[in-house]
>>> print(open('structure04.cif').read())   # mmCIF, C-alpha atoms
data_entry
loop_
_atom_site.label_atom_id
_atom_site.label_comp_id
_atom_site.auth_asym_id
_atom_site.auth_seq_id
_atom_site.Cartn_x
_atom_site.Cartn_y
_atom_site.Cartn_z
CA ALA A 1 3.26 73.16 201.35
CA LYS A 2 3.08 76.85 202.21
CA LYS A 3 0.82 77.52 199.22
CA ALA A 4 -1.46 74.64 200.19
CA ALA A 5 -1.71 75.98 203.75
CA GLN A 6 -2.58 79.45 202.43
CA GLY A 7 -5.21 77.93 200.14
CA GLU A 8 -6.74 76.03 203.02
CA SER A 9 -6.67 79.16 205.17
CA THR A 10 -8.43 81.10 202.40
CA MET A 11 -11.10 78.42 202.10
CA GLN A 12 -11.66 78.46 205.86
CA ALA A 13 -11.97 82.26 205.78
CA LEU A 14 -14.52 81.99 202.95
CA ALA A 15 -16.44 79.36 204.91
CA SER A 16 -16.48 81.70 207.90
CA LEU A 17 -17.78 84.54 205.72
CA SER A 18 -20.51 82.26 204.39
CA ALA A 19 -21.48 81.30 207.95
CA VAL A 20 -21.69 84.98 208.97
CA ILE A 21 -23.91 85.78 205.97
CA ASN A 22 -26.13 82.78 206.73
CA ARG A 23 -26.45 83.72 210.42
CA PHE A 24 -27.32 87.31 209.51
CA ASN A 25 -29.96 86.36 206.92
CA ASN A 26 -31.34 83.74 209.31
CA ALA A 27 -31.71 86.32 212.08
CA VAL A 28 -33.28 88.86 209.72
CA GLY A 29 -35.70 86.23 208.41
CA LYS A 30 -36.77 85.13 211.87
CA TRP A 31 -37.41 88.71 213.00
CA ILE A 32 -39.16 89.75 209.82
CA ALA A 33 -41.46 86.69 209.97
CA TRP A 34 -43.22 88.28 212.95
CA LEU A 35 -44.62 90.86 210.53
CA ALA A 36 -46.93 88.17 209.16
CA LEU A 37 -48.65 87.88 212.54
CA VAL A 38 -48.80 91.67 213.01
CA MET A 39 -50.18 92.02 209.48
CA VAL A 40 -52.98 89.52 210.18
CA LEU A 41 -53.89 91.24 213.45
CA ILE A 42 -54.03 94.67 211.85
CA GLN A 43 -56.07 93.35 208.92
CA PHE A 44 -58.49 91.79 211.42
CA ALA A 45 -58.74 95.12 213.26
CA VAL A 46 -59.40 96.97 209.98
CA VAL A 47 -62.22 94.56 209.09
CA VAL A 48 -63.78 94.77 212.57
CA MET A 49 -63.53 98.57 212.59
CA ARG A 50 -65.09 98.88 209.15
CA TYR A 51 -67.89 96.33 209.30
CA ILE A 52 -68.85 96.50 212.96
CA PHE A 53 -68.09 100.09 213.92
CA GLY A 54 -68.24 101.79 210.52
CA LEU A 55 -64.75 103.29 210.97
CA GLY A 56 -61.84 103.31 208.57
CA SER A 57 -58.15 104.02 208.85
CA ILE A 58 -56.06 104.70 205.78
CA MET A 59 -52.91 104.57 207.90
CA MET A 60 -53.77 101.06 209.11
CA GLN A 61 -54.58 99.93 205.58
CA GLU A 62 -51.31 101.35 204.25
CA SER A 63 -49.41 99.72 207.11
CA ILE A 64 -50.57 96.34 205.80
CA ILE A 65 -49.11 97.17 202.38
CA TYR A 66 -45.84 98.30 204.02
CA MET A 67 -45.59 95.14 206.11
CA HIS A 68 -46.39 92.93 203.15
CA ALA A 69 -43.64 94.58 201.08
CA ILE A 70 -41.13 94.40 203.93
CA LEU A 71 -41.98 90.77 204.70
CA PHE A 72 -41.30 89.61 201.16
CA MET A 73 -38.47 91.94 200.18
CA VAL A 74 -36.42 91.73 203.39
CA GLY A 75 -37.19 88.03 203.83
CA ALA A 76 -35.93 87.14 200.33
CA GLY A 77 -32.36 86.38 201.47
CA TYR A 78 -33.66 84.10 204.23
CA THR A 79 -35.93 82.32 201.76
CA LEU A 80 -33.05 81.90 199.31
CA MET A 81 -30.84 80.45 202.03
CA HIS A 82 -33.50 77.85 202.90
CA GLU A 83 -34.14 77.11 199.21
CA GLY A 84 -37.73 78.31 199.53
CA HIS A 85 -37.93 80.16 196.22
CA VAL A 86 -39.86 78.59 193.39
CA ARG A 87 -37.69 76.95 190.79
CA VAL A 88 -38.11 74.38 188.09
CA ASP A 89 -36.17 71.54 189.65
CA ILE A 90 -37.08 68.64 187.40
CA PHE A 91 -33.38 67.91 186.88
CA TYR A 92 -31.94 69.67 189.93
CA ARG A 93 -33.86 67.57 192.47
CA GLU A 94 -32.28 64.31 191.27
CA ALA A 95 -28.85 65.77 190.45
CA SER A 96 -25.67 64.87 192.29
CA PRO A 97 -24.31 67.31 194.88
CA ARG A 98 -21.56 68.27 192.42
CA THR A 99 -24.06 69.06 189.64
CA LYS A 100 -26.18 71.05 192.12
CA ALA A 101 -23.08 73.00 193.12
CA ILE A 102 -22.33 73.83 189.47
CA VAL A 103 -25.93 74.94 188.87
CA ASP A 104 -25.95 77.05 192.08
CA LEU A 105 -22.58 78.59 191.23
CA GLY A 106 -23.62 79.49 187.68
CA GLY A 107 -27.05 80.68 188.77
CA ALA A 108 -25.66 82.96 191.46
CA LEU A 109 -22.79 84.30 189.31
CA PHE A 110 -24.66 84.82 186.05
CA PHE A 111 -28.26 85.47 187.11
CA LEU A 112 -28.87 86.20 190.79
CA ILE A 113 -26.12 88.71 191.52
CA PRO A 114 -26.22 90.52 188.15
CA VAL A 115 -30.02 90.94 188.33
CA ALA A 116 -29.86 92.13 191.95
CA LEU A 117 -27.10 94.59 190.99
CA LEU A 118 -29.20 95.89 188.10
CA ILE A 119 -32.16 96.37 190.42
CA TRP A 120 -29.88 98.22 192.86
CA ILE A 121 -28.42 100.45 190.13
CA TYR A 122 -31.76 101.32 188.54
CA SER A 123 -33.58 101.87 191.82
CA TRP A 124 -30.85 103.90 193.53
CA GLN A 125 -31.97 107.28 192.14
CA TYR A 126 -35.61 106.33 192.71
CA VAL A 127 -34.88 105.78 196.40
CA VAL A 128 -32.58 108.82 196.70
CA SER A 129 -35.19 111.09 195.10
CA SER A 130 -37.76 109.85 197.57
CA TRP A 131 -35.42 110.59 200.49
CA GLU A 132 -34.62 114.08 199.15
CA VAL A 133 -38.25 115.13 199.51
CA LEU A 134 -39.06 112.76 202.40
CA GLU A 135 -41.86 111.40 200.26
CA GLY A 136 -45.05 110.59 202.08
CA SER A 137 -48.36 109.01 201.28
CA LYS A 138 -50.61 110.44 198.58
CA GLU A 139 -53.45 110.12 201.09
CA THR A 140 -53.82 112.89 203.66
CA SER A 141 -54.03 110.52 206.61
CA GLY A 142 -51.63 107.92 205.18
CA ILE A 143 -48.19 106.94 206.40
CA PRO A 144 -45.74 109.81 205.76
CA ALA A 145 -42.82 107.47 205.09
CA VAL A 146 -42.91 106.24 201.49
CA PHE A 147 -39.19 107.01 201.36
CA LEU A 148 -38.60 104.30 203.98
CA LEU A 149 -40.73 101.82 202.06
CA LYS A 150 -38.76 102.48 198.87
CA SER A 151 -35.51 101.89 200.79
CA VAL A 152 -36.61 98.29 201.23
CA ILE A 153 -35.73 97.75 197.55
CA LEU A 154 -32.06 98.39 198.34
CA MET A 155 -32.25 96.18 201.44
CA PHE A 156 -33.65 93.40 199.25
CA CYS A 157 -30.75 93.73 196.83
CA GLY A 158 -28.13 93.77 199.58
CA LEU A 159 -29.51 90.73 201.39
CA VAL A 160 -29.98 88.70 198.21
CA ILE A 161 -26.51 89.58 196.91
CA ALA A 162 -24.99 88.61 200.27
CA GLN A 163 -26.83 85.28 200.20
CA GLY A 164 -25.70 84.81 196.59
CA VAL A 165 -22.10 85.23 197.76
CA SER A 166 -22.73 82.61 200.43
CA MET A 167 -24.14 80.25 197.76
CA ILE A 168 -21.06 80.81 195.60
CA ILE A 169 -18.75 80.05 198.53
CA ALA A 170 -20.67 76.86 199.40
CA SER A 171 -20.55 75.77 195.74
CA VAL A 172 -16.81 76.39 195.48
CA LEU A 173 -16.21 74.49 198.72
CA ARG A 174 -18.25 71.56 197.43
CA LEU A 175 -16.53 71.57 194.02
CA THR A 176 -13.07 71.63 195.62
CA GLY A 177 -13.88 68.71 197.91
CA ARG A 178 -14.16 70.77 201.09
CA GLU A 179 -17.77 69.87 201.97
CA THR A 180 -16.88 69.71 205.65
CA LEU A 181 -16.24 73.48 205.62
CA ILE A 182 -19.70 74.33 204.23
CA PRO A 183 -21.70 75.99 207.00
CA GLU A 184 -24.81 74.04 207.88
CA VAL A 185 -28.08 75.87 207.31
CA ARG A 186 -30.59 75.03 210.03
CA GLU A 187 -33.96 76.46 210.93
CA ASP A 188 -32.87 77.18 214.52
CA GLY A 189 -29.73 79.06 213.52
CA VAL A 190 -26.55 78.60 211.54
#
>>> encode(input="structure04.cif", output="C-alpha cells")
Amino acid sequence: AKKAAQGESTMQALASLSAVINRFNNAVGKWIAWLALVMVLIQFAVVVMRYIFGLGSIMMQESIIYMHAILFMVGAGYTLMHEGHVRVDIFYREASPRTKAIVDLGGALFFLIPVALLIWIYSWQYVVSSWEVLEGSKETSGIPAVFLLKSVILMFCGLVIAQGVSMIIASVLRLTGRETLIPEVREDGV
C-alpha cells in the first residue's frame, strides 16, 4: 500500500511538472505571437518609407528577420503543445488514445528530444563564439546584436525539450490509466 501511494504521489508530481511546462510554453507562445503584428507593421513602414518617401532602413529590415526567427523558434514549444506542427497523421488521426500515447512517447523519446539535444550540442559553440565577440550585423547600420539572435537557437532547444518532457509525462499517464491527471491544454491557459 505504501509503494502504491508513493507511485501515485510520483505520478501526481509528474502531472504537476507537465502542467508547469505547459503553462510556461503557453505564456511564451502568447507573448511571442505579438511579434507577428509588430513584424507586419514594421514591414508596412519599410514599404511606405521606400516607395513613397524614397528612404530605406537596414536596421528596420533586419528587425523583420530577427522577429521572424524569434517568432518561429521561440514559438515552437507552444506550437508543439497545441499539436500545430505538420505531421503525417494518416494513421495517427484515427488511432486510439492509447496508440497515440505510444506514438507520442516514442516520438518524443527517440526523435524530438535527441534531435533537439543534438542541435543544442552542435550550436553551443556557435552561440558562445558569437557572444565572445558580441557579434553584430555585417551591415554598417544593421542591428549590432547577432549574438542575441543566435541565442534563440538555444531557447528553441530548451523550450522544445521541455515540451517533449511534458508529452512524455502525458503519454505515461495515459498508458498507466491516469488520464485524469493529464493537464488539460487550452488556448486560454493551462
>>> residues_around(input="structure04.cif", residues="Val46 (chain A)", least_positions_apart="3", cutoff="12 Å", atoms="all atoms listed in the file", output="MDAnalysis selection string")
chainID A and resid 39:43 49:64
>>> closest_residue(input="structure04.cif", among="A:Gly106, A:Leu154, A:Ala76, A:Leu148", to="Tyr122 (chain A)", atoms="only C-alpha atoms")
A:Leu154
>>> atom_distance(input="structure04.cif", atom1="CA of Ile21 (chain A)", atom2="CA of Gly84 (chain A)")
17.0 Å
>>> closest_residue(input="structure04.cif", among="A:Gly7, A:Trp131, A:Ala27, A:Leu105", to="Ile169 (chain A)", atoms="all atoms listed in the file")
A:Leu105
>>> atom_distance(input="structure04.cif", atom1="CA of Glu135 (chain A)", atom2="CA of Ala36 (chain A)")
25.4 Å
>>> resolve_selection(input="structure04.cif", expression="the PyMOL selection byres ((chain A and resi 100) around 12)", output="PyMOL selection string")
chain A and resi 89+91-99+101-108+167-168+170-172+174-175
>>> residues_around(input="structure04.cif", residues="region 110-116 of chain A", least_positions_apart="3", cutoff="7 Å", atoms="all atoms listed in the file", output="ChimeraX atom specification")
/A:106-107,119-120,157,161,164
>>> resolve_selection(input="structure04.cif", expression="the PyMOL selection byres ((chain A and resi 177-182) around 8)", output="PyMOL selection string")
chain A and resi 11-12+15+18+170+173-176+183-184
>>> axis_aligned_box(input="structure04.cif", around="region 20-39 of chain A", padding_each_side="8 Å", output="lines of an AutoDock Vina configuration file")
center_x = -35.9
center_y = 87.4
center_z = 209.5
size_x = 44.5
size_y = 25.2
size_z = 23.0
>>> resolve_selection(input="structure04.cif", expression="the PyMOL selection byres ((chain A and resi 134) around 12)", output="number ranges by chain")
A: 127-133, 135-137, 143-151
>>> decode(input="structure04.cif", residues="region 21-69 of chain A", atoms="C-alpha atoms", output="compact mmCIF listing (two decimals), in the first residue's frame")
# COMPACT_ATOMS: atom_id res chain seq x y z
CA ILE A 21 5.79 23.25 -18.56
CA ASN A 22 2.51 23.68 -20.45
CA ARG A 23 1.68 26.93 -18.65
CA PHE A 24 5.16 28.29 -19.35
CA ASN A 25 5.13 27.40 -23.05
CA ASN A 26 1.58 28.73 -23.33
CA ALA A 27 2.60 32.07 -21.82
CA VAL A 28 5.70 32.28 -24.01
CA GLY A 29 3.65 31.47 -27.11
CA LYS A 30 1.01 34.07 -26.34
CA TRP A 31 3.61 36.79 -25.78
CA ILE A 32 5.72 35.86 -28.77
CA ALA A 33 2.65 35.86 -31.06
CA TRP A 34 2.53 39.65 -30.74
CA LEU A 35 5.71 39.75 -32.82
CA ALA A 36 3.63 38.80 -35.86
CA LEU A 37 1.67 42.06 -35.57
CA VAL A 38 4.82 44.12 -34.91
CA MET A 39 6.51 42.44 -37.87
CA VAL A 40 3.63 43.34 -40.21
CA LEU A 41 3.60 46.95 -39.01
CA ILE A 42 7.34 47.36 -39.48
CA GLN A 43 7.20 45.73 -42.91
CA PHE A 44 4.42 48.15 -43.85
CA ALA A 45 6.53 51.07 -42.63
CA VAL A 46 9.54 49.84 -44.64
CA VAL A 47 7.44 49.64 -47.81
CA VAL A 48 5.90 53.09 -47.26
CA MET A 49 9.30 54.62 -46.50
CA ARG A 50 10.90 53.08 -49.57
CA TYR A 51 8.21 53.56 -52.21
CA ILE A 52 6.62 56.81 -51.06
CA PHE A 53 9.50 58.67 -49.41
CA GLY A 54 12.48 57.01 -51.08
CA LEU A 55 14.06 56.15 -47.70
CA GLY A 56 15.49 52.87 -46.52
CA SER A 57 16.46 51.43 -43.17
CA ILE A 58 18.68 48.38 -42.94
CA MET A 59 18.02 48.20 -39.20
CA MET A 60 14.26 48.01 -39.78
CA GLN A 61 14.71 45.37 -42.48
CA GLU A 62 16.97 43.29 -40.23
CA SER A 63 14.49 43.65 -37.37
CA ILE A 64 11.92 41.84 -39.51
CA ILE A 65 14.36 38.95 -39.97
CA TYR A 66 15.04 38.89 -36.20
CA MET A 67 11.34 38.91 -35.34
CA HIS A 68 10.59 36.22 -37.88
CA ALA A 69 13.30 33.97 -36.42
